[in-house]
file coords.csv (CSV, C-alpha atoms)
chain,number,residue,atom,x,y,z
G,42,MET,CA,16.9,-38.5,15.9
G,43,ALA,CA,20.6,-38.2,16.7
G,44,ASP,CA,21.4,-37.1,13.2
G,45,GLU,CA,18.6,-34.6,13.0
G,46,MET,CA,19.1,-30.9,13.6
G,47,TRP,CA,17.0,-27.7,14.1
G,48,VAL,CA,17.5,-24.8,11.7
G,49,ASN,CA,16.2,-21.3,12.2
G,50,MET,CA,14.7,-19.7,9.1
G,51,GLY,CA,14.3,-16.3,10.5
G,52,PRO,CA,13.6,-13.9,12.1
G,53,GLN,CA,15.6,-12.2,9.3
G,54,HIS,CA,15.3,-14.3,6.2
G,55,PRO,CA,14.5,-13.5,2.5
G,56,PHE,CA,11.5,-15.9,2.5
G,57,ASN,CA,9.8,-14.6,5.7
G,58,HIS,CA,7.8,-11.6,4.2
G,59,GLY,CA,7.9,-10.1,7.7
G,60,LEU,CA,9.5,-10.4,11.1
G,61,TRP,CA,8.9,-14.0,12.4
G,62,ASN,CA,10.9,-17.2,12.8
G,63,LEU,CA,10.3,-20.7,11.4
G,64,ARG,CA,12.2,-23.5,13.1
G,65,VAL,CA,12.5,-26.7,11.1
G,66,ARG,CA,13.9,-30.0,12.2
G,67,LEU,CA,15.8,-31.7,9.4
G,68,ASP,CA,16.8,-35.3,8.7
G,69,GLY,CA,19.3,-34.6,5.9
G,70,GLU,CA,17.2,-32.2,3.8
G,71,THR,CA,13.8,-33.6,4.8
G,72,ILE,CA,11.6,-31.7,7.2
G,73,THR,CA,10.5,-33.9,10.2
G,74,ALA,CA,9.1,-31.1,12.4
G,75,ALA,CA,8.3,-27.4,12.1
G,76,GLU,CA,7.6,-24.7,14.6
G,77,PRO,CA,6.5,-21.2,13.6
G,78,ILE,CA,7.4,-18.5,16.2
G,79,VAL,CA,5.7,-15.1,16.1
G,80,GLY,CA,5.7,-12.1,18.5
G,81,TYR,CA,8.6,-10.1,17.2
G,82,LEU,CA,6.2,-7.4,15.9
G,83,HIS,CA,3.7,-7.3,18.7
G,84,ARG,CA,2.4,-3.8,19.2
G,85,GLY,CA,-0.4,-4.4,21.7
G,86,TRP,CA,-3.0,-3.3,19.2
G,87,GLU,CA,-6.0,-4.7,21.0
G,88,LYS,CA,-5.1,-3.1,24.3
G,89,MET,CA,-4.1,0.2,22.7
G,90,VAL,CA,-7.5,0.8,21.1
G,91,GLU,CA,-9.2,0.6,24.5
G,92,ASN,CA,-7.8,4.1,25.1
G,93,ARG,CA,-9.1,5.5,21.8
G,94,THR,CA,-12.6,6.7,20.8
G,95,TYR,CA,-14.4,4.8,18.2
G,96,PRO,CA,-13.5,7.2,15.3
G,97,GLN,CA,-9.8,7.4,16.4
G,98,ILE,CA,-9.5,3.6,15.9
G,99,ILE,CA,-10.1,3.7,12.2
G,100,PRO,CA,-6.5,4.8,11.1
G,101,LEU,CA,-5.1,2.2,13.6
G,102,ALA,CA,-7.2,-0.5,11.9
G,103,ASP,CA,-5.5,0.4,8.6
G,104,ARG,CA,-2.2,-0.5,10.1
G,105,LEU,CA,-3.2,-4.1,11.0
G,106,CYS,CA,-2.1,-5.3,7.5
G,107,TYR,CA,-0.1,-3.1,5.2
G,108,GLY,CA,-1.1,-5.4,2.3
G,109,SER,CA,-4.9,-5.0,2.6
G,110,SER,CA,-5.4,-2.1,4.9
G,111,PHE,CA,-8.8,-1.1,3.5
G,112,SER,CA,-10.2,-4.6,4.4
G,113,TRP,CA,-9.3,-4.1,8.1
G,114,SER,CA,-10.6,-0.5,8.5
G,115,HIS,CA,-13.8,-1.6,6.7
G,116,LEU,CA,-14.2,-4.6,9.0
G,117,TYR,CA,-13.8,-2.3,12.0
G,118,CYS,CA,-16.4,0.2,10.7
G,119,LEU,CA,-18.8,-2.6,9.8
G,120,ALA,CA,-18.6,-4.0,13.3
G,121,ALA,CA,-19.0,-0.6,14.9
G,122,GLU,CA,-22.0,0.1,12.8
G,123,ARG,CA,-23.7,-3.1,14.0
G,124,LEU,CA,-22.8,-2.0,17.6
G,125,PHE,CA,-24.3,1.5,17.0
G,126,ASP,CA,-27.2,-0.2,15.1
G,127,ILE,CA,-27.1,2.2,12.2
G,128,GLU,CA,-27.7,1.6,8.4
G,129,ILE,CA,-25.3,3.3,6.0
G,130,PRO,CA,-26.5,4.8,2.7
G,131,GLU,CA,-26.8,2.5,-0.3
G,132,ARG,CA,-24.2,4.4,-2.3
G,133,ALA,CA,-21.7,4.0,0.4
G,134,LYS,CA,-22.2,0.2,0.3
G,135,TYR,CA,-21.4,0.1,-3.4
G,136,ILE,CA,-18.4,2.3,-2.9
G,137,ARG,CA,-17.1,0.1,-0.1
G,138,THR,CA,-17.7,-3.1,-2.1
G,139,ALA,CA,-15.8,-1.7,-5.2
G,140,CYS,CA,-12.9,-0.6,-3.0
G,141,LEU,CA,-12.8,-3.9,-1.2
G,142,GLU,CA,-12.3,-5.7,-4.5
G,143,ILE,CA,-9.7,-3.2,-5.7
G,144,GLN,CA,-7.9,-3.9,-2.5
G,145,ARG,CA,-8.2,-7.6,-3.1
G,146,ILE,CA,-6.5,-7.3,-6.5
G,147,ILE,CA,-3.8,-5.1,-4.9
G,148,SER,CA,-3.3,-7.6,-2.1
G,149,HIS,CA,-3.1,-10.6,-4.5
G,150,LEU,CA,-0.7,-8.8,-6.8
G,151,THR,CA,1.5,-8.0,-3.8
G,152,TRP,CA,1.4,-11.7,-2.8
G,153,LEU,CA,2.3,-12.9,-6.3
G,154,MET,CA,5.2,-10.5,-6.8
G,155,ALA,CA,6.7,-11.7,-3.5
G,156,LEU,CA,6.1,-15.3,-4.4
G,157,GLY,CA,7.8,-14.7,-7.7
G,158,THR,CA,11.0,-13.6,-6.0
G,159,ASP,CA,10.8,-16.5,-3.6
G,160,LEU,CA,10.8,-18.9,-6.6
G,161,GLY,CA,13.5,-17.0,-8.5
G,162,SER,CA,11.6,-14.9,-11.0
G,163,TYR,CA,12.4,-11.2,-10.9
G,164,THR,CA,10.2,-10.7,-13.9
G,165,ILE,CA,7.1,-11.8,-11.9
G,166,LEU,CA,8.0,-9.2,-9.3
G,167,ILE,CA,8.4,-6.4,-11.8
G,168,TRP,CA,5.2,-7.2,-13.8
G,169,CYS,CA,3.0,-7.6,-10.7
G,170,LEU,CA,4.5,-4.4,-9.2
G,171,ARG,CA,3.6,-2.6,-12.4
G,172,GLU,CA,0.0,-3.7,-12.3
G,173,ARG,CA,-0.4,-3.0,-8.6
G,174,GLU,CA,0.6,0.6,-9.2
G,175,VAL,CA,-2.3,1.1,-11.5
G,176,PHE,CA,-4.8,0.1,-8.9
G,177,ILE,CA,-3.0,2.0,-6.1
G,178,ASP,CA,-3.4,5.1,-8.3
G,179,ARG,CA,-7.2,4.5,-8.2
G,180,MET,CA,-7.1,4.4,-4.4
G,181,VAL,CA,-5.0,7.6,-4.4
G,182,ASP,CA,-7.8,9.2,-6.5
G,183,ILE,CA,-10.4,8.7,-3.8
G,184,CYS,CA,-8.3,9.4,-0.6
G,185,GLY,CA,-4.8,10.6,-1.4
G,186,ALA,CA,-3.0,7.7,0.3
G,187,ARG,CA,-1.2,4.7,-1.3
G,188,MET,CA,-1.3,2.0,1.4
G,189,THR,CA,-3.1,3.1,4.6
G,190,TYR,CA,-6.2,4.7,3.2
G,191,ASN,CA,-8.2,5.9,6.2
G,192,TYR,CA,-11.2,6.1,3.9
G,193,PRO,CA,-14.0,4.1,5.5
G,194,ARG,CA,-16.0,5.8,8.3
G,195,ILE,CA,-18.5,4.6,10.9
G,196,GLY,CA,-21.6,5.5,8.9
G,197,GLY,CA,-20.2,5.3,5.4
G,198,VAL,CA,-17.1,6.6,3.7
G,199,ARG,CA,-15.1,9.8,4.2
G,200,ASN,CA,-16.0,11.4,0.9
G,201,ASP,CA,-17.8,10.7,-2.4
G,202,LEU,CA,-16.0,9.4,-5.5
G,203,PRO,CA,-14.1,12.0,-7.5
G,204,PRO,CA,-15.1,12.9,-11.1
G,205,ASN,CA,-14.2,10.3,-13.8
G,206,PHE,CA,-13.4,7.7,-11.1
G,207,ALA,CA,-15.6,5.1,-12.8
G,208,ARG,CA,-14.0,5.8,-16.2
G,209,ASP,CA,-10.5,5.5,-14.8
G,210,VAL,CA,-11.3,2.2,-13.0
G,211,ILE,CA,-12.8,0.7,-16.1
G,212,ARG,CA,-9.7,1.6,-18.1
G,213,SER,CA,-7.5,0.1,-15.4
G,214,LEU,CA,-9.5,-3.1,-15.5
G,215,ASP,CA,-9.4,-3.3,-19.3
G,216,LEU,CA,-5.7,-3.1,-19.2
G,217,PHE,CA,-5.4,-5.5,-16.3
G,218,GLU,CA,-7.3,-8.2,-18.1
G,219,THR,CA,-4.7,-8.3,-20.8
G,220,ARG,CA,-1.8,-8.0,-18.4
G,221,LEU,CA,-3.0,-10.8,-16.1
G,222,GLN,CA,-3.0,-13.1,-19.1
G,223,GLU,CA,0.6,-12.2,-19.7
G,224,ILE,CA,1.5,-12.9,-16.1
G,225,GLU,CA,-0.3,-16.2,-16.2
G,226,ALA,CA,1.7,-17.1,-19.4
G,227,LEU,CA,4.9,-16.3,-17.4
G,228,THR,CA,4.0,-18.5,-14.5
G,229,ASP,CA,1.8,-21.3,-15.9
G,230,SER,CA,4.3,-22.2,-18.6
G,231,ASN,CA,7.3,-21.8,-16.3
G,232,ALA,CA,8.8,-25.2,-15.7
G,233,ALA,CA,10.7,-24.1,-12.6
G,234,PHE,CA,7.5,-22.4,-11.1
G,235,ARG,CA,5.4,-25.5,-11.6
G,236,MET,CA,8.1,-27.9,-10.3
G,237,ARG,CA,8.2,-25.9,-7.1
G,238,THR,CA,4.4,-25.7,-6.5
G,239,VAL,CA,2.7,-28.7,-8.1
G,240,ASN,CA,2.3,-31.5,-5.5
G,241,ILE,CA,4.1,-29.4,-2.9
G,242,GLY,CA,2.6,-28.7,0.5
G,243,ASN,CA,-0.4,-30.9,0.0
G,244,ILE,CA,-3.3,-30.7,2.5
G,245,SER,CA,-6.6,-32.4,2.3
G,246,ALA,CA,-10.0,-30.7,2.6
G,247,GLU,CA,-10.7,-32.5,5.9
G,248,LYS,CA,-7.4,-31.5,7.4
G,249,ALA,CA,-7.7,-27.9,6.2
G,250,ILE,CA,-11.0,-27.6,7.9
G,251,ASN,CA,-9.8,-29.2,11.1
G,252,LEU,CA,-6.8,-26.9,11.2
G,253,GLY,CA,-9.0,-23.8,10.8
G,254,LEU,CA,-7.7,-22.7,7.4
G,255,THR,CA,-9.9,-20.1,5.6
G,256,GLY,CA,-9.8,-18.0,2.4
G,257,PRO,CA,-7.8,-19.1,-0.7
G,258,ASN,CA,-5.8,-21.6,1.4
G,259,LEU,CA,-9.0,-23.4,2.3
G,260,ARG,CA,-10.6,-23.1,-1.1
G,261,GLY,CA,-7.3,-24.5,-2.7
G,262,SER,CA,-8.3,-27.8,-1.0
G,263,GLY,CA,-11.7,-27.8,-2.7
G,264,VAL,CA,-13.8,-26.4,0.1
G,265,GLU,CA,-16.3,-23.9,-1.4
G,266,LEU,CA,-16.6,-21.4,1.5
G,267,ASP,CA,-16.6,-17.7,0.9
G,268,LEU,CA,-18.2,-15.3,3.4
G,269,ARG,CA,-19.1,-12.9,0.6
G,270,ARG,CA,-21.5,-15.5,-0.6
G,271,HIS,CA,-22.4,-17.5,2.5
G,272,GLU,CA,-22.7,-14.5,4.9
G,273,PRO,CA,-23.0,-11.5,2.5
G,274,TYR,CA,-22.3,-8.0,3.7
G,275,GLU,CA,-22.5,-4.6,2.0
G,276,VAL,CA,-23.9,-5.4,-1.5
G,277,TYR,CA,-22.3,-8.8,-2.2
G,278,ASP,CA,-25.7,-10.5,-2.2
G,279,ASP,CA,-26.5,-8.3,-5.3
G,280,MET,CA,-23.3,-9.3,-7.1
G,281,ASP,CA,-22.8,-12.1,-9.7
G,282,PHE,CA,-19.5,-13.9,-9.1
G,283,GLU,CA,-18.1,-17.3,-8.7
G,284,ILE,CA,-16.4,-18.8,-5.7
G,285,CYS,CA,-12.9,-19.9,-6.9
G,286,THR,CA,-11.7,-23.3,-5.8
G,287,ALA,CA,-9.2,-26.0,-6.7
G,288,THR,CA,-9.1,-29.6,-5.7
G,289,ASP,CA,-5.5,-30.7,-5.3
G,290,GLY,CA,-4.7,-28.9,-2.1
G,291,ASP,CA,-1.1,-28.1,-3.1
G,292,ALA,CA,0.8,-24.9,-3.5
G,293,TRP,CA,-0.2,-24.7,-7.1
G,294,SER,CA,-3.9,-24.9,-6.3
G,295,ARG,CA,-3.6,-22.1,-3.8
G,296,TYR,CA,-1.8,-20.1,-6.4
G,297,ARG,CA,-4.5,-20.7,-9.0
G,298,VAL,CA,-7.4,-19.8,-6.6
G,299,ARG,CA,-5.9,-16.3,-6.0
G,300,VAL,CA,-5.3,-15.7,-9.7
G,301,ASP,CA,-8.9,-16.7,-10.5
G,302,GLU,CA,-10.1,-14.5,-7.7
G,303,MET,CA,-8.6,-11.4,-9.3
G,304,ARG,CA,-10.8,-12.0,-12.3
G,305,GLU,CA,-13.9,-12.4,-10.2
G,306,SER,CA,-12.9,-9.1,-8.4
G,307,ASP,CA,-12.7,-7.5,-11.8
G,308,LYS,CA,-16.3,-8.6,-12.4
G,309,ILE,CA,-17.6,-7.4,-9.1
G,310,ILE,CA,-16.0,-3.9,-9.5
G,311,ARG,CA,-17.6,-3.5,-12.9
G,312,GLN,CA,-21.0,-4.5,-11.5
G,313,CYS,CA,-20.6,-2.0,-8.6
G,314,LEU,CA,-19.8,0.9,-10.9
G,315,ASP,CA,-22.7,0.0,-13.2
G,316,LYS,CA,-25.3,-0.3,-10.4
G,317,MET,CA,-24.1,2.4,-8.0
G,318,PRO,CA,-27.0,4.7,-7.1
G,319,GLU,CA,-26.7,8.5,-6.4
G,320,GLY,CA,-27.2,9.8,-2.9
G,321,PRO,CA,-25.3,10.5,0.3
G,322,VAL,CA,-22.3,8.5,1.3
G,323,ARG,CA,-22.4,9.0,5.1
G,324,VAL,CA,-24.8,9.3,8.0
G,325,LYS,CA,-24.4,10.9,11.4
G,326,VAL,CA,-23.3,8.6,14.2
G,327,PRO,CA,-23.9,9.1,18.0
G,328,ARG,CA,-20.9,9.8,20.2
G,329,CYS,CA,-21.5,6.7,22.3
G,330,PRO,CA,-23.0,3.3,21.4
G,331,PRO,CA,-25.4,1.4,23.6
G,332,LYS,CA,-24.0,-1.3,26.0
G,333,GLY,CA,-23.6,-4.7,24.4
G,334,THR,CA,-21.4,-6.9,22.3
G,335,VAL,CA,-21.1,-7.5,18.6
G,336,GLY,CA,-19.1,-9.8,16.4
G,337,CYS,CA,-18.5,-9.2,12.7
G,338,ARG,CA,-16.6,-11.3,10.1
G,339,VAL,CA,-15.7,-10.7,6.5
G,340,GLU,CA,-13.8,-12.3,3.7
G,341,ASP,CA,-10.3,-10.7,3.8
G,342,PRO,CA,-7.9,-11.4,0.9
G,343,ARG,CA,-6.1,-13.8,3.3
G,344,GLY,CA,-9.2,-15.5,4.8
G,345,GLU,CA,-11.8,-15.0,7.5
G,346,SER,CA,-11.2,-11.8,9.5
G,347,LEU,CA,-13.3,-11.1,12.6
G,348,MET,CA,-13.7,-8.4,15.1
G,349,TYR,CA,-15.5,-8.7,18.4
G,350,ILE,CA,-16.4,-5.5,20.3
G,351,VAL,CA,-17.6,-5.1,23.9
G,352,SER,CA,-19.2,-1.7,24.7
G,353,ASP,CA,-19.8,-0.4,28.2
G,354,GLY,CA,-21.7,2.6,26.8
G,355,THR,CA,-18.8,5.1,26.8
G,356,ASP,CA,-17.1,6.6,23.8
G,357,LYS,CA,-14.3,4.0,23.9
G,358,PRO,CA,-14.6,0.2,23.5
G,359,TYR,CA,-14.3,-1.8,26.7
G,360,ARG,CA,-12.7,-4.7,24.6
G,361,LEU,CA,-11.9,-5.2,21.0
G,362,LYS,CA,-10.7,-8.7,19.9
G,363,VAL,CA,-9.3,-9.4,16.5
G,364,ARG,CA,-9.2,-12.8,14.7
G,365,SER,CA,-6.5,-12.7,12.1
G,366,PRO,CA,-6.7,-15.3,9.2
G,367,ASN,CA,-2.9,-15.3,9.0
G,368,TYR,CA,-2.5,-16.3,12.6
G,369,ILE,CA,-4.6,-19.4,12.0
G,370,ASN,CA,-3.1,-20.1,8.6
G,371,LEU,CA,0.4,-19.9,10.0
G,372,SER,CA,-0.4,-22.4,12.8
G,373,ALA,CA,-1.4,-24.9,10.1
G,374,ALA,CA,2.0,-24.5,8.4
G,375,PRO,CA,3.7,-27.5,10.0
G,376,ALA,CA,1.1,-29.9,8.6
G,377,MET,CA,2.0,-28.6,5.1
G,378,LEU,CA,5.8,-28.8,5.6
G,379,LEU,CA,6.2,-32.3,7.1
G,380,GLY,CA,7.9,-34.7,4.7
G,381,TYR,CA,9.0,-32.0,2.2
G,382,LYS,CA,12.5,-30.7,1.6
G,383,ILE,CA,14.0,-27.5,3.1
G,384,SER,CA,14.1,-26.1,-0.5
G,385,ASP,CA,10.3,-26.4,-0.6
G,386,VAL,CA,9.8,-24.0,2.4
G,387,PRO,CA,9.8,-20.8,0.4
G,388,SER,CA,7.1,-22.0,-2.0
G,389,ILE,CA,4.9,-23.6,0.7
G,390,MET,CA,5.1,-20.6,3.0
G,391,GLY,CA,5.1,-18.0,0.2
G,392,VAL,CA,1.8,-19.3,-1.2
G,393,LEU,CA,0.3,-18.9,2.3
G,394,ASP,CA,0.5,-15.1,1.8
G,395,MET,CA,2.0,-13.9,5.1
G,396,CYS,CA,1.4,-10.6,6.8
G,397,ILE,CA,2.9,-10.3,10.2
G,398,GLY,CA,1.3,-7.0,11.0
G,399,GLU,CA,-2.1,-8.6,11.5
G,400,THR,CA,-0.6,-11.9,12.8
G,401,ASP,CA,1.2,-10.3,15.8
G,402,ARG,CA,-1.0,-7.2,16.2

call {"tool": "encode", "arguments": {"input": "coords.csv", "output": "structure tokens"}}
result
Amino acid sequence: MADEMWVNMGPQHPFNHGLWNLRVRLDGETITAAEPIVGYLHRGWEKMVENRTYPQIIPLADRLCYGSSFSWSHLYCLAAERLFDIEIPERAKYIRTACLEIQRIISHLTWLMALGTDLGSYTILIWCLREREVFIDRMVDICGARMTYNYPRIGGVRNDLPPNFARDVIRSLDLFETRLQEIEALTDSNAAFRMRTVNIGNISAEKAINLGLTGPNLRGSGVELDLRRHEPYEVYDDMDFEICTATDGDAWSRYRVRVDEMRESDKIIRQCLDKMPEGPVRVKVPRCPPKGTVGCRVEDPRGESLMYIVSDGTDKPYRLKVRSPNYINLSAAPAMLLGYKISDVPSIMGVLDMCIGETDR
């Protein structure tokens, strides 16, 4: 203990992917303890929305995570619809599902390009950034925004799809299938990439469950849990897709799960465009919901996201609680770090897919 020392990796550090601090205790170069510290980016989001009407909260929900903003505004609208007890049009459900999977691809590409720089590959950054732009262009087509879309609405979506949207998305997916193979060839055959991810940050299925991990980080330990399948929402119960898992529970497994998920998202988007019916995309919503409480959870690109709303019958929520998958995943980080070297921190934490906006709120 006398020879051990604490090192701060943050709050400004290249590996952080946001404003937070990781304190690690080192015996030489071996990690003997770790303490993630958040709160640097806290905006008081949950208190702030208590002073906004239900429609005014939608663009604020976009800002919860800059990497997957559509997922959060969609979750809020889904929870609000259950509170208002309204059913949205079938076409709107298909549009939302397709956009959610486009967002999942964008989010996973953002994660992979950041991980590439963490592990010393500028080429991974450039290639993933290139493919991400193609899908961002598709989101621009429907709403005009690149990152915070403000497209879902309580009762459906803001507007219908533009002409030729389906054609352009299919072309983007056809190109992406080829490009994803090229990215995989770049990472899977990269000795340095494999050396820094295989058998690094191992965590068993039992431990992952006990620590509350969700999403790709849980499925990387072999636990087949995906809310799109086990608690389907929108039209996921009508989609044919596989739950992506890996069994080793290391950084490599968590990487592979996300890459495989992008292929499944490709399949879901194609099915949505093929099955999408004609009709309205939005229904009228009352100004105030009835008194009551509602909880709603979805499969965010980073794991299980949840919103819990308490209504007092006015046009503003009495309480809105957010459950961020990143907050829980980050709390499990020490278990993944113990016994590994300080040089392994960027790969272990990079594969977790951090977003501090939703972690701190």

call {"tool": "closest_residue", "arguments": {"input": "coords.csv", "among": "G:Asn191, G:Thr151, G:Thr288, G:Thr138", "to": "Ser110 of chain G", "atoms": "all atoms listed in the file"}}
result
G:Asn191

call {"tool": "residues_around", "arguments": {"input": "coords.csv", "residues": "Val210 of chain G", "least_positions_apart": "6", "cutoff": "9 Å", "atoms": "all atoms listed in the file", "output": "tab-separated table (two decimals) with C-alpha atoms, in the coordinates of the input"}}
result
chain	number	residue	atom	x	y	z
G	176	PHE	CA	-4.80	0.10	-8.90
G	179	ARG	CA	-7.20	4.50	-8.20
G	310	ILE	CA	-16.00	-3.90	-9.50
G	311	ARG	CA	-17.60	-3.50	-12.90
G	314	LEU	CA	-19.80	0.90	-10.90

call {"tool": "closest_residue", "arguments": {"input": "coords.csv", "among": "G:Arg270, G:Lys88, G:Arg295, G:Arg137", "to": "Ile195 of chain G", "atoms": "all atoms listed in the file"}}
result
G:Arg137

call {"tool": "residues_around", "arguments": {"input": "coords.csv", "residues": "Val48 of chain G", "least_positions_apart": "3", "cutoff": "12 Å", "atoms": "only C-alpha atoms", "output": "list in words"}}
result
Glu45, Gly51, Pro52, Asn62, Leu63, Arg64, Val65, Arg66, Leu67, Asp68, Gly69, Glu70, Thr71, Ile72, Thr73, Ala74, Ala75, Glu76, Pro77 and Ile383 of chain G

call {"tool": "closest_residue", "arguments": {"input": "coords.csv", "among": "G:Asp353, G:Glu265, G:Glu223, G:Glu345", "to": "Leu116 of chain G", "atoms": "only C-alpha atoms"}}
result
G:Glu345

call {"tool": "residues_around", "arguments": {"input": "coords.csv", "residues": "Thr355 of chain G", "least_positions_apart": "3", "cutoff": "12 Å", "atoms": "all atoms listed in the file", "output": "number ranges by chain"}}
result
G: 91-95, 125, 327-333, 351-352, 358-360

call {"tool": "closest_residue", "arguments": {"input": "coords.csv", "among": "G:Ile397, G:Val181, G:Leu347, G:Ile165", "to": "Leu150 of chain G", "atoms": "all atoms listed in the file"}}
result
G:Ile165

call {"tool": "residues_around", "arguments": {"input": "coords.csv", "residues": "Tyr107 of chain G", "least_positions_apart": "5", "cutoff": "8 Å", "atoms": "all atoms listed in the file", "output": "list in words"}}
result
Met188, Thr189, Cys396 and Gly398 of chain G

call {"tool": "residues_around", "arguments": {"input": "coords.csv", "residues": "Thr255 of chain G", "least_positions_apart": "5", "cutoff": "12 Å", "atoms": "all atoms listed in the file", "output": "PyMOL selection string"}}
result
chain G and resi 246+248-250+260-268+286+295+338-347+364-371+373+393

call {"tool": "write_last_selection", "arguments": {"input": "coords.csv", "atoms": "C-alpha atoms", "output": "short mmCIF file (atom, residue, chain, number, x, y, z; two decimals), in the coordinates of the input"}}
result
data_model
loop_
_atom_site.label_atom_id
_atom_site.label_comp_id
_atom_site.auth_asym_id
_atom_site.auth_seq_id
_atom_site.Cartn_x
_atom_site.Cartn_y
_atom_site.Cartn_z
CA ALA G 246 -10.00 -30.70 2.60
CA LYS G 248 -7.40 -31.50 7.40
CA ALA G 249 -7.70 -27.90 6.20
CA ILE G 250 -11.00 -27.60 7.90
CA ARG G 260 -10.60 -23.10 -1.10
CA GLY G 261 -7.30 -24.50 -2.70
CA SER G 262 -8.30 -27.80 -1.00
CA GLY G 263 -11.70 -27.80 -2.70
CA VAL G 264 -13.80 -26.40 0.10
CA GLU G 265 -16.30 -23.90 -1.40
CA LEU G 266 -16.60 -21.40 1.50
CA ASP G 267 -16.60 -17.70 0.90
CA LEU G 268 -18.20 -15.30 3.40
CA THR G 286 -11.70 -23.30 -5.80
CA ARG G 295 -3.60 -22.10 -3.80
CA ARG G 338 -16.60 -11.30 10.10
CA VAL G 339 -15.70 -10.70 6.50
CA GLU G 340 -13.80 -12.30 3.70
CA ASP G 341 -10.30 -10.70 3.80
CA PRO G 342 -7.90 -11.40 0.90
CA ARG G 343 -6.10 -13.80 3.30
CA GLY G 344 -9.20 -15.50 4.80
CA GLU G 345 -11.80 -15.00 7.50
CA SER G 346 -11.20 -11.80 9.50
CA LEU G 347 -13.30 -11.10 12.60
CA ARG G 364 -9.20 -12.80 14.70
CA SER G 365 -6.50 -12.70 12.10
CA PRO G 366 -6.70 -15.30 9.20
CA ASN G 367 -2.90 -15.30 9.00
CA TYR G 368 -2.50 -16.30 12.60
CA ILE G 369 -4.60 -19.40 12.00
CA ASN G 370 -3.10 -20.10 8.60
CA LEU G 371 0.40 -19.90 10.00
CA ALA G 373 -1.40 -24.90 10.10
CA LEU G 393 0.30 -18.90 2.30
#

call {"tool": "residues_near_point", "arguments": {"input": "coords.csv", "point": "(1.0, -3.4, -10.1)", "cutoff": "12 Å", "atoms": "all atoms listed in the file", "output": "NGL selection string"}}
result
:G and (143-144 or 146-154 or 165-179 or 213-214 or 216-217 or 220-221 or 224)

call {"tool": "closest_residue", "arguments": {"input": "coords.csv", "among": "G:Asp356, G:Glu142, G:Asp201, G:Asp229", "to": "Cys313 of chain G", "atoms": "only C-alpha atoms"}}
result
G:Glu142

call {"tool": "atom_distance", "arguments": {"input": "coords.csv", "atom1": "atom CA of Glu302 of chain G", "atom2": "atom CA of Asn57 of chain G"}}
result
24.0 Å

call {"tool": "closest_residue", "arguments": {"input": "coords.csv", "among": "G:Lys316, G:Trp47, G:Gly161, G:Thr334", "to": "Leu361 of chain G", "atoms": "only C-alpha atoms"}}
result
G:Thr334

call {"tool": "atom_distance", "arguments": {"input": "coords.csv", "atom1": "atom CA of Ser114 of chain G", "atom2": "atom CA of Leu141 of chain G"}}
result
10.5 Å

call {"tool": "atom_distance", "arguments": {"input": "coords.csv", "atom1": "atom CA of Ile183 of chain G", "atom2": "atom CA of Cys106 of chain G"}}
result
19.8 Å
